[in-house]
>>> print(open('upload-v4.csv').read())   # CSV, C-alpha atoms and all ligand atoms
chain,number,residue,atom,x,y,z
A,1,PRO,CA,0.0,0.0,0.0
A,2,PRO,CA,1.1,3.5,-0.5
A,3,ALA,CA,2.2,5.0,2.8
A,4,ILE,CA,1.7,8.7,2.8
A,5,LYS,CA,3.2,10.9,5.4
A,6,THR,CA,1.3,14.1,4.7
A,7,ILE,CA,-1.7,14.1,2.5
A,8,SER,CA,-5.0,15.7,2.7
A,9,LEU,CA,-7.5,14.3,0.3
A,10,SER,CA,-10.0,17.1,0.8
A,11,LEU,CA,-8.1,20.2,1.7
A,12,ASN,CA,-10.3,23.0,0.6
A,13,ALA,CA,-8.0,25.9,0.4
A,14,PHE,CA,-10.4,28.0,-1.5
A,15,ASN,CA,-13.4,29.4,0.3
A,16,ALA,CA,-15.7,27.7,-2.1
A,17,ASP,CA,-14.6,24.4,-3.4
A,18,ILE,CA,-11.2,24.3,-5.0
A,19,PRO,CA,-10.0,20.9,-3.8
A,20,LEU,CA,-6.2,20.8,-3.5
A,21,VAL,CA,-4.4,17.6,-2.9
A,22,GLY,CA,-1.4,17.4,-0.6
A,23,LEU,CA,2.1,16.4,-1.4
A,24,VAL,CA,1.4,14.3,-4.4
A,25,LEU,CA,1.3,17.0,-7.0
A,26,ALA,CA,1.5,19.9,-4.7
A,27,GLU,CA,3.7,22.1,-6.9
A,28,SER,CA,1.4,21.8,-9.8
A,29,LEU,CA,-1.8,22.0,-7.8
A,30,TYR,CA,-1.0,25.0,-5.7
A,31,HIS,CA,0.0,26.8,-8.9
A,32,SER,CA,-2.5,27.1,-11.6
A,33,THR,CA,-1.5,24.0,-13.5
A,34,PRO,CA,-4.2,22.6,-15.7
A,35,PHE,CA,-3.7,19.0,-16.6
A,36,ASN,CA,-0.9,19.0,-19.1
A,37,THR,CA,0.0,22.6,-18.9
A,38,ARG,CA,-0.8,26.0,-17.5
A,39,THR,CA,-3.0,28.6,-19.1
A,40,ASN,CA,-2.0,31.6,-21.0
A,41,SER,CA,0.1,34.1,-19.3
A,42,ASN,CA,0.4,37.7,-20.0
A,43,LEU,CA,2.9,40.2,-18.8
A,44,TRP,CA,1.9,43.7,-17.8
A,45,CYS,CA,4.2,46.6,-17.9
A,46,THR,CA,3.6,49.1,-15.2
A,47,PRO,CA,4.5,52.8,-15.6
A,48,GLU,CA,7.7,52.1,-13.5
A,49,ASN,CA,8.6,49.6,-16.2
A,50,SER,CA,8.2,46.6,-13.9
A,51,PHE,CA,6.7,43.5,-15.3
A,52,ILE,CA,3.6,41.5,-14.3
A,53,VAL,CA,2.3,38.5,-16.0
A,54,PHE,CA,-1.3,37.5,-16.5
A,55,THR,CA,-2.6,34.1,-17.5
A,56,ALA,CA,-5.8,33.8,-19.3
A,57,SER,CA,-9.0,32.8,-17.7
A,58,SER,CA,-10.6,29.5,-18.5
A,59,THR,CA,-13.7,28.3,-20.2
A,60,SER,CA,-15.7,25.3,-19.1
A,61,THR,CA,-16.1,22.0,-20.8
A,62,ASN,CA,-17.0,18.7,-19.4
A,63,PRO,CA,-15.4,16.8,-17.7
A,64,PHE,CA,-12.6,19.3,-17.6
A,65,VAL,CA,-12.4,23.0,-17.5
A,66,ASN,CA,-10.8,24.1,-20.7
A,67,ALA,CA,-7.9,26.3,-19.9
A,68,ASN,CA,-7.4,27.7,-23.3
A,69,ALA,CA,-7.1,31.4,-23.8
A,70,VAL,CA,-9.9,33.7,-23.2
A,71,HIS,CA,-8.6,37.0,-21.9
A,72,THR,CA,-10.0,40.4,-21.7
A,73,PHE,CA,-7.1,42.4,-20.4
A,74,TRP,CA,-3.5,42.3,-21.0
A,75,LYS,CA,-0.5,44.5,-21.7
A,76,LEU,CA,2.4,42.2,-22.3
A,77,CYS,CA,2.8,38.5,-22.4
A,78,ILE,CA,5.0,35.9,-20.9
A,79,PRO,CA,6.3,33.9,-22.7
A,80,PHE,CA,7.4,37.1,-24.5
A,81,ASN,CA,5.7,37.2,-27.9
A,82,PHE,CA,5.1,39.6,-30.8
A,83,LYS,CA,2.3,41.4,-28.9
A,84,SER,CA,4.8,42.2,-26.1
A,85,LEU,CA,7.3,43.3,-28.7
A,86,GLU,CA,4.8,45.7,-30.4
A,87,ILE,CA,3.8,47.2,-27.1
A,88,LEU,CA,7.4,47.9,-25.9
A,89,PHE,CA,9.0,49.0,-29.2
A,90,ASP,CA,7.8,51.6,-31.7
A,91,GLU,CA,6.4,50.3,-35.0
A,92,LYS,CA,9.5,50.7,-37.0
A,93,GLU,CA,11.7,49.0,-34.4
A,94,SER,CA,9.3,46.2,-33.7
A,95,THR,CA,8.7,45.5,-37.4
A,96,GLU,CA,12.4,45.3,-38.0
A,97,ILE,CA,13.0,42.9,-35.0
A,98,LYS,CA,10.0,40.7,-36.1
A,99,GLU,CA,11.3,40.5,-39.7
A,100,LYS,CA,14.8,39.6,-38.5
A,101,LEU,CA,13.5,36.9,-36.1
A,102,LEU,CA,11.2,35.4,-38.7
A,103,SER,CA,13.9,35.2,-41.4
A,104,LYS,CA,16.5,33.9,-38.9
A,105,TYR,CA,14.2,31.3,-37.3
A,106,LYS,CA,12.1,30.2,-40.2
A,107,ASP,CA,9.3,27.9,-39.3
A,108,ILE,CA,10.3,27.9,-35.7
A,109,LYS,CA,7.5,29.0,-33.3
A,110,LYS,CA,9.5,29.3,-30.2
A,111,VAL,CA,13.1,30.1,-29.5
A,112,SER,CA,15.3,29.9,-26.4
A,113,ILE,CA,16.1,33.3,-24.8
A,114,LEU,CA,19.7,31.9,-24.6
A,115,ASP,CA,19.9,31.5,-28.3
A,116,LEU,CA,18.7,35.1,-28.8
A,117,LEU,CA,21.4,36.3,-26.4
A,118,ASN,CA,24.0,34.6,-28.5
A,119,ASP,CA,22.7,35.6,-31.9
A,120,ALA,CA,25.2,36.9,-34.4
A,121,ASP,CA,22.8,39.6,-35.5
A,122,GLU,CA,23.3,42.6,-33.3
A,123,LYS,CA,19.6,43.6,-33.4
A,124,ILE,CA,18.4,40.2,-32.4
A,125,LYS,CA,21.0,40.0,-29.7
A,126,LYS,CA,20.0,43.4,-28.3
A,127,PHE,CA,16.4,42.3,-28.3
A,128,GLY,CA,17.4,39.1,-26.5
A,129,GLU,CA,19.3,41.1,-23.9
A,130,TYR,CA,16.3,43.3,-23.3
A,131,VAL,CA,13.9,40.4,-22.7
A,132,TYR,CA,16.5,38.5,-20.6
A,133,ASN,CA,17.0,41.5,-18.3
A,134,LYS,CA,13.4,42.4,-17.9
A,135,VAL,CA,11.8,39.0,-17.7
A,136,PHE,CA,14.4,36.4,-16.7
A,137,VAL,CA,17.3,37.8,-14.6
A,138,ASN,CA,15.5,39.0,-11.5
A,139,TYR,CA,12.8,36.4,-11.5
A,140,THR,CA,15.4,33.6,-11.7
A,141,ALA,CA,17.5,35.1,-9.0
A,142,LYS,CA,14.4,35.4,-6.8
A,143,GLN,CA,13.3,31.9,-7.6
A,144,TRP,CA,16.6,30.1,-7.2
A,145,ASN,CA,18.6,32.5,-4.9
A,146,ILE,CA,21.6,32.2,-7.2
A,147,PRO,CA,22.6,34.3,-10.2
A,148,ILE,CA,21.0,33.3,-13.4
A,149,GLU,CA,24.3,32.2,-14.9
A,150,GLN,CA,24.4,29.4,-12.3
A,151,VAL,CA,20.9,28.1,-13.1
A,152,ASP,CA,20.8,25.1,-15.4
A,153,THR,CA,19.9,26.2,-19.0
A,154,SER,CA,17.1,23.6,-19.1
A,155,VAL,CA,15.3,25.5,-16.4
A,156,ILE,CA,15.6,28.8,-18.3
A,157,ASN,CA,14.5,27.2,-21.5
A,158,ARG,CA,11.2,26.1,-20.0
A,159,VAL,CA,10.0,29.5,-20.8
A,160,PRO,CA,10.7,30.4,-24.5
A,161,VAL,CA,10.3,33.5,-26.5
A,162,LEU,CA,7.4,33.0,-29.0
A,163,LEU,CA,7.8,34.1,-32.6
A,164,GLY,CA,4.2,35.0,-33.2
A,165,TYR,CA,1.1,36.0,-31.4
A,166,ASP,CA,0.4,32.8,-29.5
A,167,ASP,CA,-0.1,34.0,-25.9
A,168,ARG,CA,-0.4,30.8,-24.1
A,169,TYR,CA,2.1,29.8,-21.4
A,170,PHE,CA,2.3,26.4,-23.1
A,171,GLN,CA,1.6,25.5,-26.6
A,172,ASP,CA,0.3,22.0,-26.0
A,173,LYS,CA,-2.8,21.0,-27.9
A,174,TYR,CA,-4.8,19.9,-24.9
A,175,GLN,CA,-4.9,22.1,-21.9
A,176,PHE,CA,-7.5,21.3,-19.3
A,177,MET,CA,-8.4,21.8,-15.7
A,178,PRO,CA,-10.3,18.9,-14.0
A,179,LYS,CA,-13.8,20.3,-13.6
A,180,ASN,CA,-14.3,19.1,-10.1
A,181,GLY,CA,-10.7,19.6,-9.0
A,182,TYR,CA,-7.7,17.2,-8.7
A,183,ASN,CA,-9.0,15.9,-5.5
A,184,GLU,CA,-11.8,14.0,-7.1
A,185,ILE,CA,-9.3,12.3,-9.5
A,186,PHE,CA,-7.2,11.1,-6.6
A,187,GLN,CA,-10.2,10.0,-4.6
A,188,ASN,CA,-11.5,8.0,-7.6
A,189,MET,CA,-8.2,6.4,-8.2
A,190,LEU,CA,-7.7,5.5,-4.5
A,191,ASN,CA,-11.2,4.1,-4.2
A,192,ASN,CA,-10.0,1.0,-6.1
A,193,SER,CA,-10.4,-2.0,-3.9
A,194,ASN,CA,-6.9,-3.1,-4.6
A,195,ILE,CA,-5.5,0.0,-3.0
A,196,GLU,CA,-5.1,0.5,0.7
A,197,VAL,CA,-4.2,4.0,1.8
A,198,ARG,CA,-2.5,4.8,5.1
A,199,THR,CA,-2.1,8.4,5.9
A,200,SER,CA,0.1,10.1,8.6
A,201,VAL,CA,2.6,7.3,8.2
A,202,ASP,CA,6.3,7.7,7.5
A,203,ALA,CA,7.1,5.1,4.9
A,204,LYS,CA,10.4,4.6,6.6
A,205,ASP,CA,8.7,3.2,9.7
A,206,ILE,CA,7.4,0.4,7.5
A,207,ILE,CA,9.9,-0.1,4.8
A,208,ASN,CA,13.6,-0.8,5.4
A,209,ILE,CA,16.4,-1.4,3.0
A,210,LYS,CA,19.2,-3.6,4.1
A,211,ASN,CA,21.9,-5.2,2.0
A,212,GLY,CA,20.1,-4.7,-1.2
A,213,GLU,CA,16.8,-6.1,0.1
A,214,VAL,CA,13.5,-4.5,1.0
A,215,PHE,CA,11.9,-5.3,4.4
A,216,LEU,CA,8.3,-4.5,5.1
A,217,ASN,CA,7.4,-4.4,8.8
A,218,GLY,CA,10.7,-6.2,9.5
A,219,ASN,CA,10.0,-9.1,7.0
A,220,LYS,CA,11.7,-9.6,3.7
A,221,PHE,CA,9.4,-8.2,1.0
A,222,LEU,CA,9.6,-9.6,-2.5
A,223,GLY,CA,6.8,-7.6,-4.1
A,224,LYS,CA,7.3,-4.4,-6.1
A,225,VAL,CA,8.0,-1.2,-4.2
A,226,ILE,CA,7.6,2.1,-6.0
A,227,TYR,CA,9.3,4.8,-4.1
A,228,THR,CA,8.3,8.4,-4.9
A,229,GLY,CA,10.0,10.3,-2.0
A,230,PRO,CA,13.4,11.9,-1.8
A,231,LEU,CA,16.3,9.4,-2.1
A,232,ASP,CA,18.5,11.1,0.5
A,233,GLU,CA,15.7,10.6,3.0
A,234,LEU,CA,15.4,6.9,2.1
A,235,PHE,CA,19.0,6.4,3.0
A,236,ASP,CA,19.1,8.6,6.1
A,237,TYR,CA,21.1,11.4,4.4
A,238,GLU,CA,24.1,9.1,4.4
A,239,TYR,CA,25.9,11.2,1.8
A,240,GLY,CA,24.4,14.5,3.0
A,241,PRO,CA,21.1,16.2,2.0
A,242,LEU,CA,20.2,16.6,-1.7
A,243,PRO,CA,19.6,20.3,-2.4
A,244,TYR,CA,16.0,21.3,-3.2
A,245,ARG,CA,14.3,24.6,-3.6
A,246,SER,CA,11.1,25.2,-1.8
A,247,LEU,CA,8.3,27.7,-1.7
A,248,ASN,CA,6.4,29.4,1.0
A,249,LEU,CA,2.8,29.4,-0.3
A,250,LYS,CA,0.6,32.1,1.2
A,251,PHE,CA,-3.1,32.1,0.6
A,252,GLU,CA,-5.0,35.3,1.1
A,253,ASP,CA,-8.7,35.9,1.0
A,254,LYS,CA,-9.9,39.1,-0.7
A,255,LYS,CA,-13.3,40.6,-0.3
A,256,GLU,CA,-13.6,41.6,-3.9
A,257,ASN,CA,-14.9,39.9,-7.1
A,258,TYR,CA,-11.5,39.6,-8.7
A,259,TYR,CA,-8.1,40.5,-7.4
A,260,GLN,CA,-6.2,40.5,-10.6
A,261,PRO,CA,-7.1,40.5,-14.3
A,262,SER,CA,-6.2,36.9,-14.9
A,263,SER,CA,-5.4,33.6,-13.3
A,264,VAL,CA,-1.6,34.1,-12.9
A,265,VAL,CA,0.4,37.3,-12.6
A,266,ASN,CA,4.1,37.0,-12.6
A,267,TYR,CA,6.3,39.6,-10.8
A,268,PRO,CA,9.8,39.2,-12.3
A,269,ASN,CA,11.2,42.4,-10.9
A,270,ASP,CA,9.0,43.5,-8.0
A,271,ASN,CA,8.1,42.0,-4.6
A,272,GLU,CA,9.4,39.0,-2.8
A,273,TYR,CA,7.0,36.6,-4.3
A,274,THR,CA,7.4,35.4,-7.9
A,275,ARG,CA,3.7,35.1,-8.9
A,276,ILE,CA,0.1,35.3,-7.7
A,277,THR,CA,-2.5,32.8,-8.7
A,278,GLU,CA,-6.2,33.6,-8.5
A,279,PHE,CA,-8.0,30.3,-8.5
A,280,LYS,CA,-11.4,31.7,-9.4
A,281,TYR,CA,-10.3,32.1,-13.0
A,282,LEU,CA,-9.3,28.5,-13.3
A,283,SER,CA,-12.4,27.0,-11.8
A,284,ASN,CA,-14.8,29.5,-13.3
A,285,GLN,CA,-16.7,29.7,-10.0
A,286,ILE,CA,-19.1,32.6,-9.7
A,287,ILE,CA,-18.7,34.0,-6.2
A,288,GLU,CA,-19.6,37.5,-5.5
A,289,GLY,CA,-17.4,39.7,-3.4
A,290,ASP,CA,-14.9,37.0,-2.4
A,291,THR,CA,-11.8,35.5,-4.0
A,292,THR,CA,-8.7,33.6,-2.9
A,293,ILE,CA,-5.2,34.3,-4.1
A,294,LEU,CA,-1.9,32.5,-3.6
A,295,LYS,CA,1.4,34.2,-3.4
A,296,GLU,CA,4.5,32.1,-4.1
A,297,TYR,CA,7.6,33.1,-2.0
A,298,PRO,CA,10.7,31.2,-3.0
A,299,LEU,CA,12.3,29.5,0.0
A,300,THR,CA,15.6,27.7,0.8
A,301,TYR,CA,14.7,24.1,1.6
A,302,ASP,CA,15.8,22.6,4.9
A,303,TYR,CA,15.1,18.9,5.2
A,304,ARG,CA,15.1,19.2,9.0
A,305,ASN,CA,12.2,21.5,8.9
A,306,SER,CA,9.0,19.5,8.7
A,307,GLU,CA,7.1,22.5,7.3
A,308,HIS,CA,9.3,22.6,4.2
A,309,VAL,CA,8.3,20.9,1.0
A,310,PRO,CA,11.0,20.0,-1.5
A,311,TYR,CA,9.4,21.3,-4.7
A,312,TYR,CA,12.3,21.7,-7.1
A,313,ALA,CA,15.6,19.7,-7.6
A,314,ILE,CA,18.5,22.1,-8.1
A,315,PHE,CA,20.5,21.0,-11.0
A,316,ASN,CA,24.2,21.4,-11.1
A,317,ASP,CA,27.1,18.9,-11.5
A,318,ASP,CA,27.7,18.4,-7.8
A,319,ASN,CA,24.0,17.8,-7.0
A,320,ILE,CA,23.6,15.4,-9.9
A,321,LYS,CA,26.7,13.5,-8.8
A,322,LEU,CA,25.3,13.3,-5.2
A,323,TYR,CA,21.9,12.1,-6.5
A,324,GLU,CA,23.7,9.4,-8.6
A,325,LYS,CA,25.5,8.2,-5.5
A,326,TYR,CA,22.2,7.6,-3.8
A,327,ARG,CA,20.7,6.1,-6.9
A,328,LEU,CA,23.6,3.7,-7.2
A,329,LYS,CA,22.6,2.3,-3.8
A,330,THR,CA,19.2,1.3,-5.3
A,331,SER,CA,20.6,-0.2,-8.5
A,332,ASN,CA,21.0,-3.7,-7.1
A,333,ILE,CA,17.6,-3.7,-5.4
A,334,LYS,CA,15.6,-5.6,-8.0
A,335,ASN,CA,12.1,-4.9,-6.6
A,336,LEU,CA,12.6,-1.2,-5.9
A,337,TYR,CA,11.5,1.3,-8.5
A,338,LEU,CA,12.0,5.1,-8.4
A,339,CYS,CA,9.3,7.3,-9.8
A,340,GLY,CA,8.7,11.1,-9.8
A,341,ARG,CA,10.2,14.4,-9.2
A,342,LEU,CA,11.7,13.6,-5.8
A,343,ALA,CA,12.8,10.0,-6.3
A,344,GLU,CA,14.3,10.8,-9.7
A,345,TYR,CA,15.5,14.3,-8.8
A,346,LYS,CA,13.9,15.7,-12.0
A,347,TYR,CA,11.9,18.7,-13.0
A,348,TYR,CA,8.9,16.8,-14.3
A,349,ASN,CA,5.9,18.6,-15.4
A,350,MET,CA,2.6,17.1,-14.5
A,351,ASP,CA,2.0,15.5,-17.9
A,352,ALA,CA,5.5,14.1,-18.0
A,353,VAL,CA,5.2,12.6,-14.6
A,354,VAL,CA,1.9,10.9,-15.4
A,355,ARG,CA,3.5,9.6,-18.6
A,356,ARG,CA,6.5,8.3,-16.5
A,357,ALA,CA,4.1,6.6,-14.1
A,358,LEU,CA,2.2,4.9,-16.9
A,359,ASP,CA,5.4,3.9,-18.6
A,360,LEU,CA,6.8,2.4,-15.4
A,361,PHE,CA,3.6,0.5,-14.9
A,362,GLU,CA,3.9,-1.0,-18.4
A,363,GLU,CA,7.5,-1.9,-17.8
A,364,ILE,CA,6.9,-3.7,-14.5
A,365,LYS,CA,3.3,-5.0,-14.7
A,366,GLY,CA,4.2,-8.3,-16.2
A,367,GLU,CA,7.4,-9.0,-14.2
B,401,LIG,N1,11.3,32.4,-15.5
B,401,LIG,C1,11.6,33.7,-15.5
B,401,LIG,N2,10.6,34.7,-15.6
B,401,LIG,C2,9.3,34.4,-15.6
B,401,LIG,C3,8.9,33.0,-15.6
B,401,LIG,C4,9.9,32.0,-15.5
B,401,LIG,O1,12.8,34.0,-15.4
B,401,LIG,O2,8.5,35.3,-15.7
B,401,LIG,C5,12.4,31.4,-15.4
B,401,LIG,C6,12.7,31.1,-14.0
B,401,LIG,O3,14.1,30.8,-13.9
B,401,LIG,C7,11.9,29.9,-13.7
B,401,LIG,C8,12.0,29.1,-15.0
B,401,LIG,O4,11.9,30.2,-16.0
B,401,LIG,O5,12.5,29.1,-12.6
B,401,LIG,C9,10.9,28.1,-15.2
B,401,LIG,O6,9.7,28.8,-15.1
B,401,LIG,P1,8.3,28.0,-14.9
B,401,LIG,O7,7.2,28.9,-15.0
B,401,LIG,O8,8.3,26.8,-15.9
B,401,LIG,O9,8.5,27.4,-13.4
B,401,LIG,P2,7.5,26.6,-12.5
B,401,LIG,O10,6.1,26.8,-12.9
B,401,LIG,O11,8.0,25.1,-12.6
B,401,LIG,O12,7.9,27.1,-11.1
>>> encode(input="upload-v4.csv", output="structure tokens")
Amino acid sequence: PPAIKTISLSLNAFNADIPLVGLVLAESLYHSTPFNTRTNSNLWCTPENSFIVFTASSTSTNPFVNANAVHTFWKLCIPFNFKSLEILFDEKESTEIKEKLLSKYKDIKKVSILDLLNDADEKIKKFGEYVYNKVFVNYTAKQWNIPIEQVDTSVINRVPVLLGYDDRYFQDKYQFMPKNGYNEIFQNMLNNSNIEVRTSVDAKDIINIKNGEVFLNGNKFLGKVIYTGPLDELFDYEYGPLPYRSLNLKFEDKKENYYQPSSVVNYPNDNEYTRITEFKYLSNQIIEGDTTILKEYPLTYDYRNSEHVPYYAIFNDDNIKLYEKYRLKTSNIKNLYLCGRLAEYKYYNMDAVVRRALDLFEEIKGE
């Protein structure tokens, strides 16, 4: 059975009914992640030239809420696109940059900001530097607490520059929110009679690993064990803690119809939080005079602090080497499988981790 240390299957953080699930997919759920992707995201340029991002509101379909773009208000967009370009640069300048980008990156809809920074064309390079400085540098420093140069390029490349007018955060074909929240999905899955759920249990009180073998309640266990927690914890931090980045998530109730113009607003340059999510836009709930928002404050993760949640692996050579050391300890345990962001020390998106779980299932079901 899955042993779950901290999980609430019906935590209603929203004053109406936004069901949030605990640790399992917390990063995705506390943020505005529809299944497979987030919604559109727009960036707003304030008079002080600071930047704010809005994501689009959602429209409803059954059984999911369709999170495709419907937006009524925006100034600039993140990912940075041609709309943003046209707002920030005069017509002559923006036309020239657009033409250069389109002729350089023919048939390519999105390009890495790092490629633009290194472009041989001076105009494209300058444009790249502008976007890099306004959108990426401060947000990244805030999020990771290290200079952007030290952040793995795969992280920066998660947010491209779009060569066109697409203003969605992701360009995936299907972008949905579960109509009745993620909670229902998990409840339905866990209702299966083959599954026994035990909550408030530390898996390590039940499962033990000794000499390449798994023990369950002290007895040798030959069944399959899928471990989804941090690997350093499984081995009592024998080689030291694996570094993670955490978040301090602060909900606020606002006595107003809407707090912000769209479901997510990013603050690359201002404030201590990186973004604010307003859930009402995602659930399409009609609630007069009341709304709940969530501010994401980046936080240094401390494994000794039980309040901290390890949301993001921090990629660099040392950390990956350390992870590999732990992983090596599992390589001779035939019935132990690692799956997920924590156990694999990866930056999986929700769709990718679901894919990974299904693939692992296919791989081991007949064994
Ligand atoms: N990022 C940024 N400015 C933004 C949004 C993202 O610099 O407005 C960078 C930042 O380094 C961040 C990374 O892109 O960590 C990935 O962003 P994403 O929105 O995918 O992060 P997540 O939703 O996983 O926290």
>>> residues_around(input="upload-v4.csv", residues="Glu324 of chain A", least_positions_apart="2", cutoff="12 Å", atoms="all atoms listed in the file", output="PyMOL selection string")
chain A and resi 231-232+239+242+317-322+326-331+343-345
>>> residues_around(input="upload-v4.csv", residues="Ile146 of chain A", least_positions_apart="4", cutoff="12 Å", atoms="all atoms listed in the file", output="PyMOL selection string")
chain A and resi 137-142+150-152+245+298+300+314-316
>>> residues_near_ligand(input="upload-v4.csv", ligand="ligand LIG 401 (chain B)", cutoff="6 Å", atoms="all atoms listed in the file", output="PyMOL selection string")
chain A and resi 135-137+139-140+143+155-156+158-159+266+268
>>> residues_around(input="upload-v4.csv", residues="Gly128 of chain A", least_positions_apart="2", cutoff="7 Å", atoms="all atoms listed in the file", output="mmCIF file with C-alpha atoms, in the coordinates of the input")
data_model
loop_
_atom_site.group_PDB
_atom_site.id
_atom_site.type_symbol
_atom_site.label_atom_id
_atom_site.label_comp_id
_atom_site.auth_asym_id
_atom_site.auth_seq_id
_atom_site.Cartn_x
_atom_site.Cartn_y
_atom_site.Cartn_z
ATOM 1 C CA ILE A 113 16.100 33.300 -24.800
ATOM 2 C CA LEU A 116 18.700 35.100 -28.800
ATOM 3 C CA LEU A 117 21.400 36.300 -26.400
ATOM 4 C CA ILE A 124 18.400 40.200 -32.400
ATOM 5 C CA LYS A 125 21.000 40.000 -29.700
ATOM 6 C CA LYS A 126 20.000 43.400 -28.300
ATOM 7 C CA TYR A 130 16.300 43.300 -23.300
ATOM 8 C CA VAL A 131 13.900 40.400 -22.700
ATOM 9 C CA TYR A 132 16.500 38.500 -20.600
#
>>> atom_distance(input="upload-v4.csv", atom1="atom CA of Arg356 of chain A", atom2="atom CA of Val225 of chain A")
15.6 Å
>>> atom_distance(input="upload-v4.csv", atom1="atom CA of Lys110 of chain A", atom2="atom CA of Leu162 of chain A")
4.4 Å
>>> residues_near_point(input="upload-v4.csv", point="(7.6, 2.4, -6.0)", cutoff="8 Å", atoms="all atoms listed in the file", output="count of residues only")
9
>>> closest_residue(input="upload-v4.csv", among="A:Leu234, A:Leu282, A:Ile185, A:Leu163", to="Lys106 of chain A", atoms="all atoms listed in the file")
A:Leu163
>>> residues_around(input="upload-v4.csv", residues="Asp253 of chain A", least_positions_apart="4", cutoff="7 Å", atoms="only C-alpha atoms", output="ChimeraX atom specification")
/A:291-293
>>> closest_atom_pairs(input="upload-v4.csv", of="segment 110-157 of chain A", to="segment 94-100 of chain A", cutoff="9 Å", atoms="only C-alpha atoms", output="Markdown table")
| residue | atom | partner | partner_atom | distance |
| --- | --- | --- | --- | --- |
| A:Asp121 | CA | A:Lys100 | CA | 8.5 |
| A:Lys123 | CA | A:Ile97 | CA | 6.8 |
| A:Ile124 | CA | A:Ile97 | CA | 6.6 |
| A:Phe127 | CA | A:Ile97 | CA | 7.5 |
